[in-house]
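Single-structure report; data block below.
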Amino acid sequence: MTNISNNIEAVEQKIAQASVKAMREGEVQLLAVSKTKPVSLIKQAFAQGLSHFGENYVQESIEKIQQIKQDSEFNRPIFWYFIGPLQSNKTRPVAENFDWVQSVDRLKIAERLNQQRPAELPRLNICLQVNISGEESKSGTTLSQVMELAEQVQSLPRLKLRGIMAIPQNSDDPKIIEQQFTALHDIYQSLQQQYPDIDTLSMGMSGDLESAIACGSTMVRIGTDIFGAR
C-alpha cells in the first residue's frame with residue numbers, strides 16, 4: 001500500500017536539501033503529478049498540504065476535477081496544471097477547467113485556449129513546452145522557435161505567459177541532463193528579460209530533481225515518488 005504521507009515528506013526533504021545545496025531555499029514549488037491516480041490518493045496528498053496537481057489526460061482529469069469540486073473535504077483552493085500533449089480538438093475543457101497549461105508547443109493551441117477561456121475566470125497561466133533534447137518522440141517547440149512563440153502567446157489577452165517546461169533526454173549520463181537543464185535555464189533567463197510575468201521554469205521529475213534544482217528549476221513535477229508507480 002502506498003504511504004502518501006511518508007512519500008511526500010521524503011520528496012519535500014529532497015527538494016529542501018537540493019535547494020539548500022544550490023543556495024535557493026524556498027524557491028522551488030512541488031507539483032504533484034496525479035495522472036492515472038484516483039481521487040482517493042489525491043485526497044490523501046491534499047490532506048498532507050499539497051494544493052498543486054498535474055494531469056496529462058483530458059477526459060480523466062476533467063472527471064476528477066468535477067468530482068473534487070463536489071467533495072467538501074477539499075476545503076481550500078486547489079490548482080490544476082495540464083502537463084500532457086494537448087490536441088486542438090480537446091482544448092475547450094482544458095481552457096474551462098485548468099489554472100495552468102504547461103504543454104503549449106504551437107500557436108494554434110495557444111489561440112484556441114485563448115478563445116475558449118471563460119471571461120469570468122482569471123487569465124490561463126501558460127508555460128511553453130520546449131523539446132530540449134531534440135528527440136522526435138517528444139512534444140515541444142524547438143529551441144530556435146521559443147522566442148517567437150513567446151511573443152505570439154504574450155499577445156493573447158486571455159492567456160498569461162509564465163515560463164517554460166521541458167522533459168530532458170532519458171539518459172544515464174548526468175552530464176547530458178545537466179547540459180539540457182542549463183540550456184533551458186538560459187532560455188528562461190532570456191524570456192525573463194523581455195516579459196515581466198515570467199517566473200516559472202518547470203523542469204525536474206522524480207529521477208532528476210536534484211540536478212534540475214541545481215540548474216535553476218522553480219518547479220519540479222513529481223509523480224512516482226509520491227503516488228507510486230503507474
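Naming works like this for the C-alpha cells: A, B, ... for the chains as they're shown, residue 1 at the start of each chain, ligands 1 onward in shown order.
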Might you pull out every residue within 10 Å of region 123-127 of chain A, with only C-alpha atoms counted and same-chain residues fewer than 2 positions away left off, and present them as a ChimeraX atom specification? /A:81-83,94-105,110,113-114,117-121,129-130,150,153-154,156-166,197-202
Which residues are close to Ala183 (chain A), i.e. within 12 Å by only C-alpha atoms, leaving aside same-chain residues fewer than 3 positions away? Reply as a PyMOL selection string. chain A and resi 130-133+143+164+166+168+176-180+186-190+201+203+212+215-217
Export C-alpha atoms of the chosen residues as a PDB file, in the first residue's frame?
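File selection_26.pdb, as written:
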```pdb
ATOM      1  CA  VAL A 130      10.464  23.089 -25.194  1.00  0.00           C
ATOM      2  CA  ASN A 131      11.846  19.959 -26.830  1.00  0.00           C
ATOM      3  CA  ILE A 132      15.225  20.483 -25.218  1.00  0.00           C
ATOM      4  CA  SER A 133      16.651  17.135 -26.372  1.00  0.00           C
ATOM      5  CA  LEU A 143      14.939  25.991 -29.259  1.00  0.00           C
ATOM      6  CA  ILE A 164       8.742  27.194 -19.919  1.00  0.00           C
ATOM      7  CA  ALA A 166      10.711  20.575 -20.639  1.00  0.00           C
ATOM      8  CA  PRO A 168      15.104  16.081 -20.787  1.00  0.00           C
ATOM      9  CA  ILE A 176      23.754  15.210 -20.677  1.00  0.00           C
ATOM     10  CA  ILE A 177      20.856  16.005 -18.335  1.00  0.00           C
ATOM     11  CA  GLU A 178      22.754  18.909 -16.802  1.00  0.00           C
ATOM     12  CA  GLN A 179      23.601  20.336 -20.230  1.00  0.00           C
ATOM     13  CA  GLN A 180      19.947  20.268 -21.249  1.00  0.00           C
ATOM     14  CA  ASP A 186      19.455  30.144 -20.380  1.00  0.00           C
ATOM     15  CA  ILE A 187      16.223  30.411 -22.399  1.00  0.00           C
ATOM     16  CA  TYR A 188      14.282  31.108 -19.218  1.00  0.00           C
ATOM     17  CA  GLN A 189      16.577  34.000 -18.335  1.00  0.00           C
ATOM     18  CA  SER A 190      16.260  35.427 -21.853  1.00  0.00           C
ATOM     19  CA  LEU A 201      10.938  27.099 -15.020  1.00  0.00           C
ATOM     20  CA  MET A 203      11.879  21.024 -15.094  1.00  0.00           C
ATOM     21  CA  ALA A 212      17.100  20.377 -12.024  1.00  0.00           C
ATOM     22  CA  CYS A 215      20.318  24.286 -12.652  1.00  0.00           C
ATOM     23  CA  GLY A 216      17.622  26.753 -11.615  1.00  0.00           C
ATOM     24  CA  SER A 217      14.282  24.931 -11.735  1.00  0.00           C
TER      25      SER A 217
END
```
Polymer residues at most 10 Å from region 3-15 of chain A, only C-alpha atoms, same-chain spacing of 4 or more positions, as JSON, numbers by chain: {"A": [19, 20, 21, 25, 26, 27, 28, 29, 30, 32, 41, 42, 43, 44, 45, 46, 47, 48, 49, 50, 206, 209, 210, 213, 220, 222, 224, 225, 226, 227, 228]}
Compile the contact shell of Lys35 (chain A) as a PyMOL selection string: residues with an atom at most 10 Å away, counting only C-alpha atoms, same-chain residues fewer than 6 positions apart removed. chain A and resi 42+53-58+60-61+64+82-84+223+227+230
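Those residues of region 127-180 of chain A that DSSP, working from the backbone, places in strand (DSSP E) are A:Cys127, A:Leu128, A:Gln129, A:Leu159, A:Lys160, A:Leu161, A:Arg162, A:Gly163, A:Ile164, A:Met165.
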Mind dumping the selected residues with N, CA, C and O atoms as a PDB file, in the first residue's frame?
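This is the output file again15.pdb:
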```pdb
ATOM      1  N   CYS A 127       2.833  27.843 -19.789  1.00  0.00           N
ATOM      2  CA  CYS A 127       4.258  27.565 -19.985  1.00  0.00           C
ATOM      3  C   CYS A 127       4.433  26.969 -21.379  1.00  0.00           C
ATOM      4  O   CYS A 127       3.620  26.141 -21.812  1.00  0.00           O
ATOM      5  N   LEU A 128       5.453  27.391 -22.055  1.00  0.00           N
ATOM      6  CA  LEU A 128       5.777  26.822 -23.359  1.00  0.00           C
ATOM      7  C   LEU A 128       6.595  25.558 -23.145  1.00  0.00           C
ATOM      8  O   LEU A 128       7.566  25.564 -22.386  1.00  0.00           O
ATOM      9  N   GLN A 129       6.198  24.489 -23.812  1.00  0.00           N
ATOM     10  CA  GLN A 129       6.985  23.258 -23.714  1.00  0.00           C
ATOM     11  C   GLN A 129       8.076  23.283 -24.766  1.00  0.00           C
ATOM     12  O   GLN A 129       7.822  23.479 -25.959  1.00  0.00           O
ATOM     13  N   LEU A 159      -4.609  34.751 -21.974  1.00  0.00           N
ATOM     14  CA  LEU A 159      -3.507  33.910 -21.504  1.00  0.00           C
ATOM     15  C   LEU A 159      -2.474  34.769 -20.787  1.00  0.00           C
ATOM     16  O   LEU A 159      -2.314  35.950 -21.069  1.00  0.00           O
ATOM     17  N   LYS A 160      -1.766  34.136 -19.848  1.00  0.00           N
ATOM     18  CA  LYS A 160      -0.693  34.817 -19.121  1.00  0.00           C
ATOM     19  C   LYS A 160       0.569  33.961 -19.235  1.00  0.00           C
ATOM     20  O   LYS A 160       0.639  32.872 -18.663  1.00  0.00           O
ATOM     21  N   LEU A 161       1.543  34.427 -19.982  1.00  0.00           N
ATOM     22  CA  LEU A 161       2.776  33.682 -20.194  1.00  0.00           C
ATOM     23  C   LEU A 161       3.595  33.685 -18.907  1.00  0.00           C
ATOM     24  O   LEU A 161       4.006  34.740 -18.426  1.00  0.00           O
ATOM     25  N   ARG A 162       3.855  32.492 -18.356  1.00  0.00           N
ATOM     26  CA  ARG A 162       4.546  32.384 -17.069  1.00  0.00           C
ATOM     27  C   ARG A 162       5.926  31.754 -17.161  1.00  0.00           C
ATOM     28  O   ARG A 162       6.734  31.916 -16.242  1.00  0.00           O
ATOM     29  N   GLY A 163       6.198  30.982 -18.236  1.00  0.00           N
ATOM     30  CA  GLY A 163       7.510  30.363 -18.286  1.00  0.00           C
ATOM     31  C   GLY A 163       7.606  29.244 -19.290  1.00  0.00           C
ATOM     32  O   GLY A 163       6.881  29.223 -20.293  1.00  0.00           O
ATOM     33  N   ILE A 164       8.501  28.304 -19.000  1.00  0.00           N
ATOM     34  CA  ILE A 164       8.742  27.194 -19.919  1.00  0.00           C
ATOM     35  C   ILE A 164       8.831  25.880 -19.150  1.00  0.00           C
ATOM     36  O   ILE A 164       9.096  25.852 -17.950  1.00  0.00           O
ATOM     37  N   MET A 165       8.595  24.807 -19.871  1.00  0.00           N
ATOM     38  CA  MET A 165       8.637  23.457 -19.317  1.00  0.00           C
ATOM     39  C   MET A 165       9.361  22.549 -20.292  1.00  0.00           C
ATOM     40  O   MET A 165       9.292  22.765 -21.511  1.00  0.00           O
TER      41      MET A 165
END
```
Which of these residues is nearest to Asp172 (chain A), using only C-alpha atoms: A:Val39, A:Leu191, A:Ser88, A:Gly207? A:Gly207
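The spacing separating CA of Gln59 (chain A) from CA of Asn170 (chain A) amounts to 27.5 Å.
The two atoms in question, CA of Ala16 (chain A) and CA of Arg221 (chain A), are spaced 14.7 Å apart.
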